[in-house]
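To start, the structure itself, in structure tokens.
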Amino acid sequence: MAVAIAAARVWRPNRGLSQAALLLLWRPGARGLARSHPHRQQQQFSSLDDKPQFPGASAEFIDKLEFIQPNVISGIPIYRVMDRQGQIINPSEDPHLPKEKVLKLYKSMTLLNTMDRILYESQRQGRISFYMTNYGEEGTHVGSAAALDNTDLVFGQYREAGVLMYRDYPLELFMAQCYGNISDLGKGRQMPVHYGCKERHFVTISSPLATQIPQAVGAAYAAKRANANRVVICYFGEGAASEGDAHAGFNFAATLECPIIFFCRNNGYAISTPTSEQYRGDGIAARGPGYGIMSIRVDGNDVFAVYNATKEARRRAVAENQPFLIEAMTYRIGHHSTSDDSSAYRSVDEVNYWDKQDHPISRLRHYLLSQGWWDEEQEKAWRKQSRKKVMEAFEQAERKPKPNPNLLFSDVYQEMPAQLRKQQESLARHLQTYGEHYPLEHFDKRGLQCFPDFSTAEAPPLARMIYP
Amino acid sequence: MAAVSGLVRRPLREVSGLLKRRFHWTAPTALQVTVRDAINQGMDEELERDEKVFLLGEEVAQYDGAYKVSRGLWKKYGDKRIIDTPISEMGFAGIAVGAAMAGLRPICEFMTFNFSMQAIDQVINSAAKTYYMSGGLQPVPIVFRGPNGASAGVAAQHSQCFAAWYGHCPGLKVVSPWNSEDAKGLIKSAIRDNNPVVVLENELMYGVPFEFPPEAQSKDFLIPIGKAKIERQGTHITVVSHSRPVGHCLEAAAVLSKEGVECEVINMRTIRPMDMETIEASVMKTNHLVTVEGGWPQFGVGAEICARIMEGGLWENVPGFMSEGYRDKNDFKPEVTAEVGKWRISVCDKHSSEEDFWRATSEIPEGGETSAEGFWN
């Protein structure tokens, strides 16, 4: 029985059985077998067959000096369902998704791709200040989003717009955030691509890397305590996994037994730093078992592989209250951001290979074509339609005014403190006198022409205005 | 941190940058050098001078630095002196501190000082305090550098000024260069200094060219840490600032000069140890003080300057003012000192008598919170 328990502890993370309980189970019958070794009778514990008693690990002794070699030559294998031409390799792994769902996957990816192109261009033209594209990684977003419930909480890094796209976040709001206009749910306070949507359970993107990892674990712990039947998914890149927060997050997810999916987008680069300089181990998937986390590596450019892995991980994470780690191998086709020129550190040939030979969108398109669910006509029509949709949203976003300057002062605290209200009033007076020197015509000016009403103790209503 | 690289370059700004680089027919010794190139030169010269000096950080090697400040250095010095690190500020700051403890002289670059918060334990508890806590046995000759303060539209998490945060800590020296001369002289002094030094640069200043005087072109050009510079002489009002706002102060001074107000603009250069002598001497002359900074006002650099002006030896020179009895006065309330920072202009006026002083301070500027009675009760 002791052996069985020991075996169980080796093959899955120890859960439930306390140390004291185990010792209790080992004690009966141990004394008899210790007879043959005179020096051992002096030991406090009597052990069964000279087993290690250390609380820190459950393992056998070995008398040969041998270092475990990190296996980077043949690392953890990469799970895939489709080949590069979109053909299902092993039919039993085919998720058999209905046509509508697969079309939704395809349209989300292509619409995202179109939006990326247009917004990248708009940054180059000086219309928005900054942008990050998702080229090549669309599969990781929609594949995972499709496998989750709509209420599952998402913590992203900054390259997960496809998750929001799949959850039907309107183009108008994507653009509003990038332009920082009056419709932006973030009230124009963030750099572009820092989306957030409470309604769609997508936590607002925060700039510092990997801070979302321990936060996601905390949220998952809260979900577990609430018996919410809800999973938290936490996205990050292979570079962010180097941060100390990642270590803390993984360790706590395992020890606190949280229903969380860690989804690592390993896209080969962190700005210019290639993976060979980011880590020396076998990627991120190999770190999971070190923390006691169920781990898998998938082909991130294969939407069905991503879907299958996430689906299964979600089912078990909620049922068993344990974390899962999915490392999705992919490639960052675009530059890190509009502030980067990746030709400085990688060859055009390399980028072209991924763009032409192994792209999530083309692989899914081949699948759709082979199923007879899509054709060239529809492709042409959809390209035109998606471009039109994006351009319309884009033009509208440009024309909208910027948020009200009074919103500079709201949401610092839940209730506006006196000194901030004074600053707000001071700005209103300043604009009354010097308003002509500011580009106020681009801003929402409601409430600025007159003094805010400070006869009541509450914050002025404008501070709590919620825009449509 | 490579999250969203702060290299925000709008096309408009690139165009205006081009417009700035006019062709100058200047004397051969006065050349135009950008702040970026000045820092680059300073680091290059120090790397050359002492082989124990090395640079580490994210993207500093082949990428030439996230803001191109370390351009060409990796090509010249190679992997052993210019080191790209994985993304972990806590990690590489700790590694740098350890290297300094072992006898090397690292320059640890944070992509912006906002990300230094991930590593702040290493900077304060390990770098700043170690020499003292080891009884003088373990020096930490390290330089932490990177862009600080606001950039253009990069939101709250990329725009914080850390002058007050680092300036608070004994054991650290903190410098904040404004122009190219400052940048080169201070980075060189920082690298040669055996104490941990925090160099707060500014991203928007990197591309700005300044005239580089002949002495700054020398390989041994050093600016002493702890000495401010009077950038513009004046008689009516002292304006104290550090980093990019110094430029704004000079622009404001030019506008005010046309109205007959002559500002004395002081470029602090060093936040810690702060050069109060220069500021006090200037305030003695002008009787008026404004502090300008990019950080938040509460517990900021300006608040500290005002507090020191109020507490300090300046008042010994005020005829009729209580000199030694200042702190023994029965109705002196300690909390007054904290409030004082707000009344910068009125309180720092020199007064002929004690009564005048009390009367002046009871005139609360517009928008003040405390009535005269509440202040002194």
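A note on labels: chains of the structure tokens are A, B, ... as shown, every chain counts residues from 1, and ligands are counted from 1 in their shown order.
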Which chain A residues have any atom within 7 Å of an atom of chain B, and for each, what is the nearest pair of atoms with distance in Å to one decimal, counting only C-alpha atoms, rows sorted by chain and number, as a Markdown table?
| residue | atom | partner | partner_atom | distance |
| --- | --- | --- | --- | --- |
| A:Arg124 | CA | B:Pro11 | CA | 6.9 |
| A:Gln125 | CA | B:Pro11 | CA | 6.9 |
| A:Gly126 | CA | B:Arg10 | CA | 5.7 |
| A:Ser129 | CA | B:Arg10 | CA | 6.5 |
| A:Phe130 | CA | B:Val8 | CA | 6.7 |
| A:Arg189 | CA | B:Ala155 | CA | 6.3 |
| A:Gln190 | CA | B:Ala155 | CA | 5.1 |
| A:Met191 | CA | B:Val154 | CA | 5.6 |
| A:Ser207 | CA | B:Ala3 | CA | 5.8 |
| A:Pro208 | CA | B:Ala3 | CA | 6.0 |
| A:Leu209 | CA | B:Ala3 | CA | 5.5 |
| A:Gly239 | CA | B:Ile87 | CA | 5.9 |
| A:Ala240 | CA | B:Ile87 | CA | 6.2 |
| A:Ser242 | CA | B:Ile87 | CA | 5.4 |
| A:Glu243 | CA | B:Ser88 | CA | 4.4 |
| A:Gly244 | CA | B:Ser88 | CA | 6.4 |
| A:Ile271 | CA | B:Ala2 | CA | 6.7 |
| A:Ser272 | CA | B:Tyr63 | CA | 6.6 |
| A:Thr273 | CA | B:Glu59 | CA | 6.8 |
| A:Glu277 | CA | B:Pro86 | CA | 6.8 |
| A:Gln278 | CA | B:Pro86 | CA | 4.8 |
| A:Ser339 | CA | B:Leu7 | CA | 5.2 |
Next, the residues of the selection above should be written as a PDB file, in the first residue's frame with N, CA and C atoms.
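Writing done, so here's part08.pdb:
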ATOM      1  N   ARG A 124       1.584  54.363 -39.278  1.00  0.00           N
ATOM      2  CA  ARG A 124       2.635  54.881 -40.143  1.00  0.00           C
ATOM      3  C   ARG A 124       2.274  56.257 -40.686  1.00  0.00           C
ATOM      4  N   GLN A 125       0.973  56.502 -40.805  1.00  0.00           N
ATOM      5  CA  GLN A 125       0.534  57.797 -41.313  1.00  0.00           C
ATOM      6  C   GLN A 125       0.329  58.807 -40.196  1.00  0.00           C
ATOM      7  N   GLY A 126       0.629  58.417 -38.993  1.00  0.00           N
ATOM      8  CA  GLY A 126       0.523  59.359 -37.883  1.00  0.00           C
ATOM      9  C   GLY A 126      -0.873  59.530 -37.332  1.00  0.00           C
ATOM     10  N   SER A 129      -0.906  56.550 -32.384  1.00  0.00           N
ATOM     11  CA  SER A 129       0.468  56.734 -31.915  1.00  0.00           C
ATOM     12  C   SER A 129       1.284  55.456 -31.961  1.00  0.00           C
ATOM     13  N   PHE A 130       0.601  54.310 -31.971  1.00  0.00           N
ATOM     14  CA  PHE A 130       1.338  53.070 -31.736  1.00  0.00           C
ATOM     15  C   PHE A 130       0.443  51.916 -32.155  1.00  0.00           C
ATOM     16  N   ARG A 189      -7.133  56.478 -21.819  1.00  0.00           N
ATOM     17  CA  ARG A 189      -6.016  56.566 -20.865  1.00  0.00           C
ATOM     18  C   ARG A 189      -4.854  55.654 -21.186  1.00  0.00           C
ATOM     19  N   GLN A 190      -5.020  54.761 -22.174  1.00  0.00           N
ATOM     20  CA  GLN A 190      -3.971  53.775 -22.435  1.00  0.00           C
ATOM     21  C   GLN A 190      -3.400  53.943 -23.829  1.00  0.00           C
ATOM     22  N   MET A 191      -2.226  53.343 -24.033  1.00  0.00           N
ATOM     23  CA  MET A 191      -1.672  53.264 -25.383  1.00  0.00           C
ATOM     24  C   MET A 191      -2.560  52.347 -26.210  1.00  0.00           C
ATOM     25  N   SER A 207       0.641  47.179 -19.318  1.00  0.00           N
ATOM     26  CA  SER A 207       1.910  47.147 -20.044  1.00  0.00           C
ATOM     27  C   SER A 207       3.014  46.291 -19.427  1.00  0.00           C
ATOM     28  N   PRO A 208       3.276  46.392 -18.122  1.00  0.00           N
ATOM     29  CA  PRO A 208       4.413  45.624 -17.600  1.00  0.00           C
ATOM     30  C   PRO A 208       4.214  44.128 -17.823  1.00  0.00           C
ATOM     31  N   LEU A 209       5.278  43.463 -18.261  1.00  0.00           N
ATOM     32  CA  LEU A 209       5.183  42.071 -18.657  1.00  0.00           C
ATOM     33  C   LEU A 209       5.004  41.121 -17.498  1.00  0.00           C
ATOM     34  N   GLY A 239       9.036  35.221 -23.889  1.00  0.00           N
ATOM     35  CA  GLY A 239       9.932  36.190 -23.250  1.00  0.00           C
ATOM     36  C   GLY A 239       9.430  36.574 -21.874  1.00  0.00           C
ATOM     37  N   ALA A 240       8.138  36.825 -21.774  1.00  0.00           N
ATOM     38  CA  ALA A 240       7.559  37.208 -20.489  1.00  0.00           C
ATOM     39  C   ALA A 240       7.698  36.076 -19.479  1.00  0.00           C
ATOM     40  N   SER A 242      10.189  34.629 -18.733  1.00  0.00           N
ATOM     41  CA  SER A 242      11.454  34.780 -18.013  1.00  0.00           C
ATOM     42  C   SER A 242      11.306  35.639 -16.777  1.00  0.00           C
ATOM     43  N   GLU A 243      10.223  36.375 -16.693  1.00  0.00           N
ATOM     44  CA  GLU A 243      10.046  37.266 -15.548  1.00  0.00           C
ATOM     45  C   GLU A 243       9.822  36.475 -14.258  1.00  0.00           C
ATOM     46  N   GLY A 244      10.230  37.075 -13.166  1.00  0.00           N
ATOM     47  CA  GLY A 244      10.051  36.440 -11.867  1.00  0.00           C
ATOM     48  C   GLY A 244       8.594  36.154 -11.548  1.00  0.00           C
ATOM     49  N   ILE A 271      11.013  41.084 -28.861  1.00  0.00           N
ATOM     50  CA  ILE A 271      11.592  42.137 -29.687  1.00  0.00           C
ATOM     51  C   ILE A 271      12.676  41.466 -30.537  1.00  0.00           C
ATOM     52  N   SER A 272      13.946  41.703 -30.248  1.00  0.00           N
ATOM     53  CA  SER A 272      14.962  41.085 -31.107  1.00  0.00           C
ATOM     54  C   SER A 272      15.601  39.863 -30.463  1.00  0.00           C
ATOM     55  N   THR A 273      15.252  39.589 -29.225  1.00  0.00           N
ATOM     56  CA  THR A 273      15.913  38.500 -28.510  1.00  0.00           C
ATOM     57  C   THR A 273      15.337  37.165 -28.936  1.00  0.00           C
ATOM     58  N   GLU A 277      18.517  32.962 -26.785  1.00  0.00           N
ATOM     59  CA  GLU A 277      19.070  33.840 -25.750  1.00  0.00           C
ATOM     60  C   GLU A 277      18.099  34.043 -24.612  1.00  0.00           C
ATOM     61  N   GLN A 278      16.871  33.617 -24.803  1.00  0.00           N
ATOM     62  CA  GLN A 278      15.869  33.822 -23.759  1.00  0.00           C
ATOM     63  C   GLN A 278      15.930  32.703 -22.724  1.00  0.00           C
ATOM     64  N   SER A 339       7.272  50.378 -33.298  1.00  0.00           N
ATOM     65  CA  SER A 339       8.552  50.987 -32.943  1.00  0.00           C
ATOM     66  C   SER A 339       9.725  50.101 -33.307  1.00  0.00           C
TER      67      SER A 339
END
- Task: Using backbone DSSP assignments, extract all alpha helix (DSSP H) residues from region 79-186 of chain B; output them as number ranges by chain.
- Result: B: 89-101, 120-121, 130-133, 163-167, 180-186
- Task: Go through B:Lys129, B:Lys80, B:Lys52, B:Arg232 one by one, measure the shortest atom-to-atom distance of each to Ala99 (chain B) using only C-alpha atoms, and give the residue with the smallest value.
- Result: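 So, comparing all the options, the nearest one is B:Lys52.
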- In Å, with one decimal, what is the gap from CA of Ser151 (chain B) to CA of Glu201 (chain B)?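 CA of Ser151 (chain B) sits 11.3 Å away from CA of Glu201 (chain B).
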- Which neighbours of Gly247 (chain B) fall inside 10 Å, counting only C-alpha atoms, when residues of the same chain fewer than 3 positions from it are skipped, and could you give them as a count of residues only? 14
List as a PDB file with all heavy atoms, in the first residue's frame the protein and nucleic acid residues near region 102-104 of chain B, meaning an atom at most 8 Å away when only C-alpha atoms are counted, but skip any in the same chain fewer than 6 places from it.
ATOM      1  N   LYS B  52      36.867  46.438 -16.619  1.00  0.00           N
ATOM      2  CA  LYS B  52      35.903  45.858 -15.689  1.00  0.00           C
ATOM      3  C   LYS B  52      34.493  46.393 -15.941  1.00  0.00           C
ATOM      4  O   LYS B  52      33.527  45.832 -15.457  1.00  0.00           O
ATOM      5  CB  LYS B  52      36.316  46.149 -14.232  1.00  0.00           C
ATOM      6  CG  LYS B  52      37.628  45.478 -13.846  1.00  0.00           C
ATOM      7  CD  LYS B  52      37.767  45.326 -12.349  1.00  0.00           C
ATOM      8  CE  LYS B  52      38.003  46.647 -11.631  1.00  0.00           C
ATOM      9  NZ  LYS B  52      39.261  47.301 -12.023  1.00  0.00           N
ATOM     10  N   VAL B  53      34.420  47.474 -16.726  1.00  0.00           N
ATOM     11  CA  VAL B  53      33.112  48.059 -17.002  1.00  0.00           C
ATOM     12  C   VAL B  53      32.402  47.235 -18.060  1.00  0.00           C
ATOM     13  O   VAL B  53      32.999  46.829 -19.053  1.00  0.00           O
ATOM     14  CB  VAL B  53      33.264  49.513 -17.521  1.00  0.00           C
ATOM     15  CG1 VAL B  53      31.917  50.100 -17.884  1.00  0.00           C
ATOM     16  CG2 VAL B  53      33.947  50.370 -16.467  1.00  0.00           C
ATOM     17  N   PHE B  54      31.125  46.941 -17.859  1.00  0.00           N
ATOM     18  CA  PHE B  54      30.353  46.268 -18.904  1.00  0.00           C
ATOM     19  C   PHE B  54      28.902  46.718 -18.808  1.00  0.00           C
ATOM     20  O   PHE B  54      28.480  47.252 -17.786  1.00  0.00           O
ATOM     21  CB  PHE B  54      30.481  44.742 -18.802  1.00  0.00           C
ATOM     22  CG  PHE B  54      29.776  44.124 -17.617  1.00  0.00           C
ATOM     23  CD1 PHE B  54      28.527  43.537 -17.764  1.00  0.00           C
ATOM     24  CD2 PHE B  54      30.369  44.103 -16.360  1.00  0.00           C
ATOM     25  CE1 PHE B  54      27.876  42.950 -16.670  1.00  0.00           C
ATOM     26  CE2 PHE B  54      29.729  43.537 -15.270  1.00  0.00           C
ATOM     27  CZ  PHE B  54      28.473  42.949 -15.431  1.00  0.00           C
ATOM     28  N   PRO B 141      29.954  49.119  -6.775  1.00  0.00           N
ATOM     29  CA  PRO B 141      30.167  50.175  -7.775  1.00  0.00           C
ATOM     30  C   PRO B 141      29.336  49.924  -9.014  1.00  0.00           C
ATOM     31  O   PRO B 141      29.824  49.451 -10.025  1.00  0.00           O
ATOM     32  CB  PRO B 141      31.658  50.068  -8.077  1.00  0.00           C
ATOM     33  CG  PRO B 141      31.978  48.620  -7.850  1.00  0.00           C
ATOM     34  CD  PRO B 141      31.059  48.114  -6.785  1.00  0.00           C
TER      35      PRO B 141
END
- Message: So that I can check the surroundings of region 282-299 of chain A, please list as number ranges by chain every protein, DNA and RNA residue that reaches within 9 Å of it, counting only C-alpha atoms and ignoring chain neighbours fewer than 6 positions away.
- Response: A: 12-14, 70-81, 140, 238, 241, 247, 250-255, 264, 266, 275, 305-306, 309, 313, 322-330
- If we count only C-alpha atoms, what is near region 172-174 of chain A at a cut-off of 10 Å, once residues fewer than 2 positions away on the same chain are taken out, given as a PyMOL selection string? chain A and resi 115+119+161+164-165+169-170+176-181+183-186+192-197+389-390+392-397
Might you pull out every residue within 7 Å of Gly156 (chain A), with only C-alpha atoms counted and same-chain residues fewer than 3 positions away left off, and present them as a compact mmCIF listing (two decimals) with C-alpha atoms, in the first residue's frame?
# COMPACT_ATOMS: atom_id res chain seq x y z
CA GLU A 160 -4.31 38.43 -28.05
CA ILE A 205 -4.21 44.85 -20.86
CA CYS A 234 -3.62 33.56 -18.88
CA TYR A 235 -1.74 34.39 -22.08
CA PHE A 236 1.92 35.39 -22.22
- Note on the structure: Here CA of Ile83 (chain B) and CA of Leu55 (chain B) stand apart by 6.2 Å
- Just how far from CA of Gly146 (chain B) is CA of Val199 (chain B), in Å to one decimal?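 Atom-to-atom, CA of Val199 (chain B) to CA of Gly146 (chain B), that is 6.8 Å.
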